[in-house]
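Have a look at start.pdb below; it lists PDB, C-alpha atoms.
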```
ATOM      1  CA  MET Y   1     -67.029  12.040  -2.923
ATOM      2  CA  THR Y   2     -65.528  14.832  -4.978
ATOM      3  CA  GLY Y   3     -67.594  16.284  -7.751
ATOM      4  CA  HIS Y   4     -65.877  15.245 -10.923
ATOM      5  CA  ASN Y   5     -68.560  15.650 -13.568
ATOM      6  CA  TRP Y   6     -66.258  18.004 -15.455
ATOM      7  CA  THR Y   7     -63.838  15.167 -16.112
ATOM      8  CA  ARG Y   8     -66.424  13.180 -18.057
ATOM      9  CA  ALA Y   9     -64.773  12.375 -21.386
ATOM     10  CA  SER Y  10     -63.716   9.409 -23.439
ATOM     11  CA  VAL Y  11     -60.937   7.341 -21.924
ATOM     12  CA  ASN Y  12     -57.843   9.409 -22.480
ATOM     13  CA  TRP Y  13     -54.969   8.998 -20.109
ATOM     14  CA  PHE Y  14     -53.395  12.265 -21.162
ATOM     15  CA  LYS Y  15     -56.252  14.154 -19.600
ATOM     16  CA  TYR Y  16     -54.833  13.156 -16.216
ATOM     17  CA  SER Y  17     -51.743  15.197 -16.960
ATOM     18  CA  SER Y  18     -53.710  18.360 -16.186
ATOM     19  CA  PRO Y  19     -53.955  19.451 -12.538
ATOM     20  CA  GLN Y  20     -57.712  19.926 -12.891
ATOM     21  CA  THR Y  21     -58.367  16.285 -13.762
ATOM     22  CA  PHE Y  22     -55.610  14.856 -11.573
ATOM     23  CA  PHE Y  23     -56.989  16.571  -8.460
ATOM     24  CA  PRO Y  24     -60.106  14.352  -8.071
ATOM     25  CA  LEU Y  25     -58.215  11.266  -9.299
ATOM     26  CA  ALA Y  26     -55.614  11.712  -6.563
ATOM     27  CA  ALA Y  27     -58.399  11.920  -3.980
ATOM     28  CA  LYS Y  28     -59.761   8.572  -5.158
ATOM     29  CA  LEU Y  29     -56.323   6.924  -5.072
ATOM     30  CA  VAL Y  30     -55.209   8.088  -1.596
ATOM     31  CA  PRO Y  31     -57.414   5.703   0.461
ATOM     32  CA  TRP Y  32     -56.262   2.695  -1.595
ATOM     33  CA  PHE Y  33     -52.572   3.475  -1.210
ATOM     34  CA  GLY Y  34     -53.109   4.352   2.437
ATOM     35  CA  ALA Y  35     -54.891   1.067   3.151
ATOM     36  CA  ALA Y  36     -52.234  -0.899   1.263
ATOM     37  CA  ALA Y  37     -49.518   0.857   3.279
ATOM     38  CA  ALA Y  38     -51.233   0.049   6.595
ATOM     39  CA  LEU Y  39     -51.822  -3.611   5.720
ATOM     40  CA  LEU Y  40     -48.294  -4.145   4.398
ATOM     41  CA  CYS Y  41     -46.687  -2.450   7.398
ATOM     42  CA  VAL Y  42     -48.737  -4.489   9.884
ATOM     43  CA  ALA Y  43     -47.802  -7.680   8.033
ATOM     44  CA  GLY Y  44     -44.172  -6.593   7.765
ATOM     45  CA  LEU Y  45     -43.947  -5.733  11.472
ATOM     46  CA  TYR Y  46     -45.515  -9.077  12.376
ATOM     47  CA  ILE Y  47     -42.929 -10.918  10.269
ATOM     48  CA  GLY Y  48     -40.143  -8.675  11.550
ATOM     49  CA  PHE Y  49     -40.889  -9.076  15.248
ATOM     50  CA  PHE Y  50     -42.592 -12.465  15.584
ATOM     51  CA  VAL Y  51     -41.509 -14.643  12.666
ATOM     52  CA  ALA Y  52     -37.948 -13.566  11.872
ATOM     53  CA  PRO Y  53     -35.457 -15.120  14.302
ATOM     54  CA  THR Y  54     -32.991 -13.297  16.543
ATOM     55  CA  ASP Y  55     -29.760 -12.510  14.719
ATOM     56  CA  ALA Y  56     -26.828 -14.638  15.903
ATOM     57  CA  GLN Y  57     -24.353 -11.720  15.946
ATOM     58  CA  GLN Y  58     -26.427  -8.603  16.510
ATOM     59  CA  GLY Y  59     -29.127  -9.970  18.796
ATOM     60  CA  GLU Y  60     -32.402  -8.029  18.685
ATOM     61  CA  ALA Y  61     -30.761  -4.742  17.601
ATOM     62  CA  TYR Y  62     -30.828  -5.973  14.009
ATOM     63  CA  ARG Y  63     -34.654  -5.600  13.979
ATOM     64  CA  ILE Y  64     -34.070  -1.926  13.166
ATOM     65  CA  ILE Y  65     -33.276  -2.997   9.583
ATOM     66  CA  PHE Y  66     -36.987  -3.610   8.947
ATOM     67  CA  ILE Y  67     -37.418   0.167   8.799
ATOM     68  CA  HIS Y  68     -33.833   1.247   8.107
ATOM     69  CA  VAL Y  69     -33.414  -0.561   4.789
ATOM     70  CA  PRO Y  70     -36.909   0.261   3.399
ATOM     71  CA  ALA Y  71     -36.448   3.938   4.362
ATOM     72  CA  ALA Y  72     -32.996   4.030   2.756
ATOM     73  CA  TRP Y  73     -34.330   2.423  -0.443
ATOM     74  CA  MET Y  74     -37.250   4.861  -0.573
ATOM     75  CA  SER Y  75     -34.968   7.850   0.071
ATOM     76  CA  MET Y  76     -33.075   7.029  -3.137
ATOM     77  CA  PHE Y  77     -36.087   5.881  -5.156
ATOM     78  CA  ILE Y  78     -38.173   8.979  -4.333
ATOM     79  CA  TYR Y  79     -35.246  11.159  -5.390
ATOM     80  CA  VAL Y  80     -35.071   9.455  -8.788
ATOM     81  CA  VAL Y  81     -38.845   9.783  -9.276
ATOM     82  CA  MET Y  82     -38.675  13.437  -8.174
ATOM     83  CA  ALA Y  83     -35.853  14.136 -10.648
ATOM     84  CA  PHE Y  84     -37.840  12.324 -13.360
ATOM     85  CA  TRP Y  85     -40.891  14.582 -12.858
ATOM     86  CA  ALA Y  86     -38.688  17.661 -12.603
ATOM     87  CA  GLY Y  87     -36.971  16.702 -15.863
ATOM     88  CA  ALA Y  88     -40.313  15.958 -17.540
ATOM     89  CA  GLY Y  89     -41.462  19.427 -16.507
ATOM     90  CA  LEU Y  90     -38.386  20.991 -18.119
ATOM     91  CA  VAL Y  91     -38.808  19.038 -21.352
ATOM     92  CA  PHE Y  92     -42.594  19.117 -21.819
ATOM     93  CA  ASN Y  93     -43.330  22.289 -19.830
ATOM     94  CA  THR Y  94     -46.335  20.615 -18.166
ATOM     95  CA  ARG Y  95     -47.666  22.198 -14.981
ATOM     96  CA  LEU Y  96     -48.429  18.966 -13.155
ATOM     97  CA  SER Y  97     -44.869  17.595 -13.525
ATOM     98  CA  GLY Y  98     -43.356  20.357 -11.419
ATOM     99  CA  MET Y  99     -46.104  19.940  -8.837
ATOM    100  CA  MET Y 100     -45.337  16.213  -8.593
ATOM    101  CA  ALA Y 101     -41.636  16.926  -8.061
ATOM    102  CA  SER Y 102     -42.443  19.468  -5.342
ATOM    103  CA  ALA Y 103     -44.868  17.044  -3.696
ATOM    104  CA  LEU Y 104     -42.242  14.287  -3.521
ATOM    105  CA  ALA Y 105     -39.386  16.289  -1.984
ATOM    106  CA  PRO Y 106     -40.590  16.474   1.655
ATOM    107  CA  SER Y 107     -41.517  12.771   1.680
ATOM    108  CA  GLY Y 108     -38.090  11.939   0.272
ATOM    109  CA  ALA Y 109     -36.420  14.090   2.902
ATOM    110  CA  LEU Y 110     -38.465  12.324   5.597
ATOM    111  CA  MET Y 111     -37.349   8.889   4.352
ATOM    112  CA  THR Y 112     -33.726  10.089   4.244
ATOM    113  CA  PHE Y 113     -33.962  11.376   7.804
ATOM    114  CA  ILE Y 114     -35.509   8.078   8.972
ATOM    115  CA  ALA Y 115     -32.700   6.139   7.256
ATOM    116  CA  LEU Y 116     -30.062   8.290   8.995
ATOM    117  CA  TRP Y 117     -31.830   8.248  12.379
ATOM    118  CA  THR Y 118     -32.391   4.502  12.469
ATOM    119  CA  GLY Y 119     -28.866   3.992  11.139
ATOM    120  CA  ALA Y 120     -27.466   5.967  14.068
ATOM    121  CA  LEU Y 121     -29.561   3.987  16.556
ATOM    122  CA  TRP Y 122     -28.352   0.771  14.957
ATOM    123  CA  GLY Y 123     -24.733   1.944  14.752
ATOM    124  CA  LYS Y 124     -24.402   2.821  18.431
ATOM    125  CA  PRO Y 125     -24.903  -0.704  19.836
ATOM    126  CA  THR Y 126     -23.390  -2.446  16.790
ATOM    127  CA  TRP Y 127     -20.387  -0.299  15.808
ATOM    128  CA  GLY Y 128     -20.087   1.604  19.073
ATOM    129  CA  THR Y 129     -20.715   4.982  17.430
ATOM    130  CA  TRP Y 130     -23.770   7.020  16.363
ATOM    131  CA  TRP Y 131     -22.035   8.398  13.292
ATOM    132  CA  VAL Y 132     -18.893   8.044  11.204
ATOM    133  CA  TRP Y 133     -17.853  10.031   8.131
ATOM    134  CA  ASP Y 134     -17.996   6.909   6.029
ATOM    135  CA  ALA Y 135     -18.802   7.088   2.287
ATOM    136  CA  ARG Y 136     -22.276   5.512   2.652
ATOM    137  CA  LEU Y 137     -23.341   7.680   5.578
ATOM    138  CA  THR Y 138     -21.872  10.869   4.135
ATOM    139  CA  SER Y 139     -23.485  10.411   0.710
ATOM    140  CA  GLU Y 140     -26.843   9.713   2.386
ATOM    141  CA  LEU Y 141     -26.432  12.935   4.417
ATOM    142  CA  ILE Y 142     -25.711  14.774   1.151
ATOM    143  CA  LEU Y 143     -29.001  13.336  -0.160
ATOM    144  CA  LEU Y 144     -30.814  14.949   2.782
ATOM    145  CA  PHE Y 145     -29.166  18.288   1.951
ATOM    146  CA  LEU Y 146     -30.146  17.883  -1.724
ATOM    147  CA  TYR Y 147     -33.794  17.512  -0.678
ATOM    148  CA  PHE Y 148     -33.504  20.526   1.648
ATOM    149  CA  GLY Y 149     -31.738  22.513  -1.068
ATOM    150  CA  PHE Y 150     -34.474  21.676  -3.583
ATOM    151  CA  MET Y 151     -37.207  22.763  -1.165
ATOM    152  CA  ALA Y 152     -35.373  25.932  -0.085
ATOM    153  CA  LEU Y 153     -34.652  26.930  -3.684
ATOM    154  CA  GLN Y 154     -38.290  26.484  -4.677
ATOM    155  CA  ALA Y 155     -39.481  28.374  -1.622
ATOM    156  CA  ALA Y 156     -37.139  31.272  -2.427
ATOM    157  CA  ILE Y 157     -38.600  31.858  -5.914
ATOM    158  CA  ASP Y 158     -42.031  33.464  -6.060
ATOM    159  CA  ASN Y 159     -43.016  32.431  -9.570
ATOM    160  CA  PRO Y 160     -43.935  28.709  -9.367
ATOM    161  CA  ARG Y 161     -42.983  27.950 -12.969
ATOM    162  CA  ARG Y 162     -39.551  29.517 -12.504
ATOM    163  CA  ALA Y 163     -39.187  27.755  -9.155
ATOM    164  CA  ASP Y 164     -39.935  24.460 -10.938
ATOM    165  CA  LYS Y 165     -37.256  25.122 -13.559
ATOM    166  CA  ALA Y 166     -34.586  26.098 -11.034
ATOM    167  CA  GLY Y 167     -35.511  23.130  -8.814
ATOM    168  CA  ALA Y 168     -35.342  20.798 -11.802
ATOM    169  CA  VAL Y 169     -31.775  21.814 -12.604
ATOM    170  CA  LEU Y 170     -30.766  21.153  -8.992
ATOM    171  CA  ALA Y 171     -32.680  17.853  -8.821
ATOM    172  CA  LEU Y 172     -31.197  16.559 -12.075
ATOM    173  CA  THR Y 173     -27.668  17.552 -11.069
ATOM    174  CA  GLY Y 174     -28.085  15.785  -7.737
ATOM    175  CA  VAL Y 175     -29.020  12.486  -9.405
ATOM    176  CA  VAL Y 176     -25.289  11.788  -9.647
ATOM    177  CA  ASN Y 177     -25.345  11.237  -5.871
ATOM    178  CA  ILE Y 178     -27.722   8.247  -6.133
ATOM    179  CA  PRO Y 179     -25.260   5.755  -7.700
ATOM    180  CA  ILE Y 180     -22.614   7.126  -5.315
ATOM    181  CA  ILE Y 181     -24.813   6.148  -2.339
ATOM    182  CA  TYR Y 182     -25.723   2.804  -3.845
ATOM    183  CA  PHE Y 183     -22.218   1.709  -4.849
ATOM    184  CA  SER Y 184     -20.362   3.460  -2.001
ATOM    185  CA  VAL Y 185     -20.025   0.207  -0.078
ATOM    186  CA  GLN Y 186     -18.252  -1.356  -3.066
ATOM    187  CA  TRP Y 187     -16.166   1.609  -4.214
ATOM    188  CA  TRP Y 188     -14.798   2.522  -0.822
ATOM    189  CA  ASN Y 189     -13.759   0.552   2.186
ATOM    190  CA  THR Y 190     -16.697   1.593   4.357
ATOM    191  CA  LEU Y 191     -17.666   0.758   7.881
ATOM    192  CA  HIS Y 192     -21.206   0.335   6.569
ATOM    193  CA  GLN Y 193     -21.743  -3.263   5.572
ATOM    194  CA  GLY Y 194     -22.198  -4.304   1.934
ATOM    195  CA  ALA Y 195     -25.583  -4.846   0.353
ATOM    196  CA  SER Y 196     -27.539  -7.619   2.037
ATOM    197  CA  VAL Y 197     -29.749  -7.908  -1.011
ATOM    198  CA  SER Y 198     -28.636  -7.775  -4.625
ATOM    199  CA  LEU Y 199     -30.110  -8.693  -7.959
ATOM    200  CA  LYS Y 200     -27.292 -11.111  -8.755
ATOM    201  CA  SER Y 201     -27.129 -13.302  -5.685
ATOM    202  CA  ALA Y 202     -29.414 -14.793  -3.075
ATOM    203  CA  PRO Y 203     -29.921 -12.567  -0.039
ATOM    204  CA  SER Y 204     -27.314 -13.088   2.662
ATOM    205  CA  MET Y 205     -29.883 -13.428   5.423
ATOM    206  CA  ALA Y 206     -32.614 -15.749   6.633
ATOM    207  CA  ALA Y 207     -35.599 -15.965   4.285
ATOM    208  CA  THR Y 208     -37.979 -14.650   6.946
ATOM    209  CA  MET Y 209     -35.742 -11.623   7.623
ATOM    210  CA  PHE Y 210     -35.641 -10.936   3.890
ATOM    211  CA  ALA Y 211     -39.432 -11.314   3.631
ATOM    212  CA  GLY Y 212     -40.010  -8.856   6.482
ATOM    213  CA  MET Y 213     -37.750  -6.297   4.824
ATOM    214  CA  ILE Y 214     -39.433  -6.623   1.419
ATOM    215  CA  VAL Y 215     -42.967  -6.380   2.864
ATOM    216  CA  MET Y 216     -41.982  -3.294   4.891
ATOM    217  CA  ALA Y 217     -40.365  -1.759   1.792
ATOM    218  CA  LEU Y 218     -43.616  -2.233  -0.140
ATOM    219  CA  GLY Y 219     -45.510  -0.672   2.772
ATOM    220  CA  PHE Y 220     -43.187   2.346   2.822
ATOM    221  CA  TRP Y 221     -43.586   2.653  -0.941
ATOM    222  CA  MET Y 222     -47.378   2.738  -0.691
ATOM    223  CA  TYR Y 223     -47.159   5.193   2.219
ATOM    224  CA  SER Y 224     -44.924   7.515   0.186
ATOM    225  CA  ILE Y 225     -47.353   7.463  -2.745
ATOM    226  CA  ALA Y 226     -50.293   8.270  -0.442
ATOM    227  CA  ALA Y 227     -48.405  11.143   1.229
ATOM    228  CA  ALA Y 228     -47.208  12.556  -2.108
ATOM    229  CA  LEU Y 229     -50.751  12.433  -3.510
ATOM    230  CA  LEU Y 230     -52.108  14.269  -0.461
ATOM    231  CA  ARG Y 231     -49.388  16.885  -0.869
ATOM    232  CA  VAL Y 232     -49.839  17.307  -4.628
ATOM    233  CA  ARG Y 233     -53.525  18.049  -3.984
ATOM    234  CA  CYS Y 234     -52.513  20.869  -1.629
ATOM    235  CA  ILE Y 235     -50.024  22.204  -4.173
ATOM    236  CA  ILE Y 236     -52.602  22.063  -6.977
ATOM    237  CA  LEU Y 237     -55.066  24.088  -4.883
ATOM    238  CA  GLU Y 238     -52.404  26.599  -3.837
ATOM    239  CA  ARG Y 239     -51.181  27.181  -7.362
ATOM    240  CA  GLU Y 240     -54.478  27.024  -9.231
ATOM    241  CA  HIS Y 241     -56.802  28.760  -6.800
ATOM    242  CA  ARG Y 242     -57.314  31.672  -9.190
ATOM    243  CA  SER Y 243     -58.424  29.432 -12.031
ATOM    244  CA  ASP Y 244     -62.053  28.941 -12.999
ATOM    245  CA  TRP Y 245     -62.231  25.251 -12.216
ATOM    246  CA  VAL Y 246     -61.342  25.761  -8.559
ATOM    247  CA  ALA Y 247     -63.760  28.690  -8.231
ATOM    248  CA  GLN Y 248     -66.596  26.828  -9.933
ATOM    249  CA  HIS Y 249     -66.211  23.706  -7.898
ATOM    250  CA  MET Y 250     -65.324  25.170  -4.520
ATOM    251  CA  GLY Y 251     -68.514  23.788  -3.071
ATOM    252  CA  THR Y 252     -67.745  20.234  -4.103
ATOM    253  CA  LEU Y 253     -64.001  20.210  -3.370
ATOM    254  CA  LYS Y 254     -63.029  18.230  -0.357
TER     255      LYS Y 254
ATOM    256  CA  MET O   1     -42.033 -17.481  18.724
ATOM    257  CA  ASN O   2     -39.184 -15.189  19.755
ATOM    258  CA  TRP O   3     -40.580 -13.851  23.019
ATOM    259  CA  ALA O   4     -41.373 -15.555  26.299
ATOM    260  CA  SER O   5     -43.552 -12.666  27.511
ATOM    261  CA  TRP O   6     -44.585  -9.101  26.683
ATOM    262  CA  ASN O   7     -41.871  -7.829  29.044
ATOM    263  CA  ASP O   8     -39.400  -9.883  27.079
ATOM    264  CA  PHE O   9     -40.746  -8.354  23.878
ATOM    265  CA  PHE O  10     -40.468  -4.763  25.139
ATOM    266  CA  ALA O  11     -36.968  -5.385  26.500
ATOM    267  CA  MET O  12     -35.740  -6.339  22.982
ATOM    268  CA  GLY O  13     -32.867  -8.320  24.380
ATOM    269  CA  GLY O  14     -31.421  -5.208  26.046
ATOM    270  CA  TYR O  15     -31.690  -3.054  22.908
ATOM    271  CA  ALA O  16     -35.053  -1.486  23.782
ATOM    272  CA  LEU O  17     -33.742   2.100  23.559
ATOM    273  CA  TYR O  18     -32.360   1.584  20.057
ATOM    274  CA  VAL O  19     -35.140  -0.551  18.610
ATOM    275  CA  TRP O  20     -38.073   1.420  20.065
ATOM    276  CA  GLY O  21     -36.245   4.693  19.514
ATOM    277  CA  SER O  22     -36.121   3.802  15.813
ATOM    278  CA  TYR O  23     -39.685   2.553  15.491
ATOM    279  CA  GLY O  24     -41.208   5.267  17.687
ATOM    280  CA  VAL O  25     -39.607   8.182  15.847
ATOM    281  CA  THR O  26     -40.445   6.663  12.458
ATOM    282  CA  LEU O  27     -44.108   6.096  13.358
ATOM    283  CA  GLY O  28     -44.369   9.552  14.941
ATOM    284  CA  LEU O  29     -42.903  11.287  11.879
ATOM    285  CA  MET O  30     -45.149   9.407   9.454
ATOM    286  CA  ILE O  31     -48.301  10.208  11.431
ATOM    287  CA  THR O  32     -47.169  13.845  11.753
ATOM    288  CA  GLU O  33     -46.624  14.107   7.992
ATOM    289  CA  ILE O  34     -50.146  12.864   7.220
ATOM    290  CA  VAL O  35     -51.807  15.043   9.905
ATOM    291  CA  LEU O  36     -49.934  18.148   8.667
ATOM    292  CA  LEU O  37     -51.052  17.443   5.090
ATOM    293  CA  ILE O  38     -54.699  17.063   6.136
ATOM    294  CA  LEU O  39     -54.513  20.322   8.140
ATOM    295  CA  ARG O  40     -52.772  22.072   5.240
ATOM    296  CA  LYS O  41     -55.547  21.221   2.797
ATOM    297  CA  ARG O  42     -58.227  22.181   5.315
ATOM    298  CA  SER O  43     -56.640  25.596   5.843
ATOM    299  CA  ILE O  44     -56.295  26.161   2.067
ATOM    300  CA  LEU O  45     -59.992  25.431   1.552
ATOM    301  CA  GLU O  46     -60.970  27.683   4.464
ATOM    302  CA  HIS O  47     -58.789  30.449   3.051
ATOM    303  CA  LEU O  48     -60.277  30.030  -0.437
ATOM    304  CA  GLY O  49     -63.778  30.059   1.029
ATOM    305  CA  ARG O  50     -63.038  33.341   2.785
ATOM    306  CA  ILE O  51     -61.595  34.948  -0.373
ATOM    307  CA  ARG O  52     -64.634  33.839  -2.316
ATOM    308  CA  GLY O  53     -66.996  35.120   0.337
ATOM    309  CA  SER O  54     -65.352  38.536   0.424
ATOM    310  CA  THR O  55     -65.125  39.069  -3.341
ATOM    311  CA  ARG O  56     -68.456  37.695  -4.469
ATOM    312  CA  GLY O  57     -70.729  38.319  -1.564
ATOM    313  CA  THR O  58     -72.381  35.443   0.227
ATOM    314  CA  ARG O  59     -72.027  31.987  -1.177
TER     315      ARG O  59
END
```
Rewrite the structure from the file as structure tokens, please.
Amino acid sequence: MTGHNWTRASVNWFKYSSPQTFFPLAAKLVPWFGAAAALLCVAGLYIGFFVAPTDAQQGEAYRIIFIHVPAAWMSMFIYVVMAFWAGAGLVFNTRLSGMMASALAPSGALMTFIALWTGALWGKPTWGTWWVWDARLTSELILLFLYFGFMALQAAIDNPRRADKAGAVLALTGVVNIPIIYFSVQWWNTLHQGASVSLKSAPSMAATMFAGMIVMALGFWMYSIAAALLRVRCIILEREHRSDWVAQHMGTLK
Amino acid sequence: MNWASWNDFFAMGGYALYVWGSYGVTLGLMITEIVLLILRKRSILEHLGRIRGSTRGTR
């Protein structure tokens, strides 16, 4: 595996806040999150296609929710985590925080796109239209543009530390959109249906449908962590390639 | 069991285009993301190896 003899120290979690020590740790974590993602998605797909019954109203088209809902949840969750790291970078001025935020943005944008794409493919047979300018759909589209804006802004600024700061301001401002997406189906009279799952009441669907959705959501979560860790390793190398630790350990880096 | 046969399964009750269009694109994008990340790291390491080779002689 990766040479990590330079990380030998007493147990101190703060040491992992430096890119140099996080780099080998991330490499060790990726296979675990990747394997968890694969297992959970296989289990979730099995439940979704073979255990969960056909929906009485929507027929088999409803089976899209087993990726639509997890992707939509992750699109919002990743944004909050991204904004958290961006904010932490502003407050504590730590290098790794900004790298984490940058690593999360493309995965968040991917989840947002999947939520919109699968939503369109579900909407066509169910509502009779691919798209409507409804509050839920529009605010989710704005989320996609927030991710794109964050990435474009960072790409436009040469100095990574300044790019992190500018990105953080954008990311933190955009957080206001998250509750708008989440509560849009309550605040406005939307074509999009209300939440099928809430913390206050039992899910308004068959237990096996609910189970399939939750297992797939966990799988998507693990997948997102694995992808973000792979990406943060690339970003660490790109930003720190002039530093001594990269030069000294080039031979052992994988 | 929901399906009488594999054909029945792939037909998705007449919604094959929508269901498989959703799952296919999602799977394709996820695999693409991971492959691109693996290629990105490989190219960074190759690039760093070349810089190192040119500035410090042979490794």
Distance filter 8 Å, all atoms listed in the file, chain Y against chain O, as a ChimeraX atom specification: /Y:49-51,53-54,59-61,63-64,67,110,114,117-118,121-122,125,227,230-231,233-234,237-238,241,247,250
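The closest residue to Leu153 of chain Y, picked from Y:Ala217, Y:Ala37, Y:Ala166, Y:Ala211 and counting all atoms listed in the file, is Y:Ala166.
Rounded to one decimal, atom CA of Trp245 of chain Y and atom CA of Ile157 of chain Y lie 25.3 Å from each other.
Counting from atom CA of Val91 of chain Y, the distance to atom CA of Pro160 of chain Y is 16.2 Å.
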Atom CA of Thr94 of chain Y to atom CA of Arg161 of chain Y, distance in Å rounded to a single decimal: 9.6 Å
For this file, the PyMOL selection byres ((chain Y and resi 146) around 12) selects which residues, as a PDB file with C-alpha atoms, in the coordinates of the input?
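Below you can see out-v2.pdb, which holds the result:
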```
ATOM      1  CA  SER Y  75     -34.968   7.850   0.071  1.00  0.00           C
ATOM      2  CA  MET Y  76     -33.075   7.029  -3.137  1.00  0.00           C
ATOM      3  CA  TYR Y  79     -35.246  11.159  -5.390  1.00  0.00           C
ATOM      4  CA  MET Y  82     -38.675  13.437  -8.174  1.00  0.00           C
ATOM      5  CA  ALA Y  83     -35.853  14.136 -10.648  1.00  0.00           C
ATOM      6  CA  ALA Y 105     -39.386  16.289  -1.984  1.00  0.00           C
ATOM      7  CA  PRO Y 106     -40.590  16.474   1.655  1.00  0.00           C
ATOM      8  CA  GLY Y 108     -38.090  11.939   0.272  1.00  0.00           C
ATOM      9  CA  ALA Y 109     -36.420  14.090   2.902  1.00  0.00           C
ATOM     10  CA  THR Y 112     -33.726  10.089   4.244  1.00  0.00           C
ATOM     11  CA  SER Y 139     -23.485  10.411   0.710  1.00  0.00           C
ATOM     12  CA  GLU Y 140     -26.843   9.713   2.386  1.00  0.00           C
ATOM     13  CA  LEU Y 141     -26.432  12.935   4.417  1.00  0.00           C
ATOM     14  CA  ILE Y 142     -25.711  14.774   1.151  1.00  0.00           C
ATOM     15  CA  LEU Y 143     -29.001  13.336  -0.160  1.00  0.00           C
ATOM     16  CA  LEU Y 144     -30.814  14.949   2.782  1.00  0.00           C
ATOM     17  CA  PHE Y 145     -29.166  18.288   1.951  1.00  0.00           C
ATOM     18  CA  TYR Y 147     -33.794  17.512  -0.678  1.00  0.00           C
ATOM     19  CA  PHE Y 148     -33.504  20.526   1.648  1.00  0.00           C
ATOM     20  CA  GLY Y 149     -31.738  22.513  -1.068  1.00  0.00           C
ATOM     21  CA  PHE Y 150     -34.474  21.676  -3.583  1.00  0.00           C
ATOM     22  CA  MET Y 151     -37.207  22.763  -1.165  1.00  0.00           C
ATOM     23  CA  ALA Y 152     -35.373  25.932  -0.085  1.00  0.00           C
ATOM     24  CA  LEU Y 153     -34.652  26.930  -3.684  1.00  0.00           C
ATOM     25  CA  GLY Y 167     -35.511  23.130  -8.814  1.00  0.00           C
ATOM     26  CA  ALA Y 168     -35.342  20.798 -11.802  1.00  0.00           C
ATOM     27  CA  VAL Y 169     -31.775  21.814 -12.604  1.00  0.00           C
ATOM     28  CA  LEU Y 170     -30.766  21.153  -8.992  1.00  0.00           C
ATOM     29  CA  ALA Y 171     -32.680  17.853  -8.821  1.00  0.00           C
ATOM     30  CA  LEU Y 172     -31.197  16.559 -12.075  1.00  0.00           C
ATOM     31  CA  THR Y 173     -27.668  17.552 -11.069  1.00  0.00           C
ATOM     32  CA  GLY Y 174     -28.085  15.785  -7.737  1.00  0.00           C
ATOM     33  CA  VAL Y 175     -29.020  12.486  -9.405  1.00  0.00           C
ATOM     34  CA  VAL Y 176     -25.289  11.788  -9.647  1.00  0.00           C
ATOM     35  CA  ASN Y 177     -25.345  11.237  -5.871  1.00  0.00           C
ATOM     36  CA  ILE Y 178     -27.722   8.247  -6.133  1.00  0.00           C
TER      37      ILE Y 178
END
```
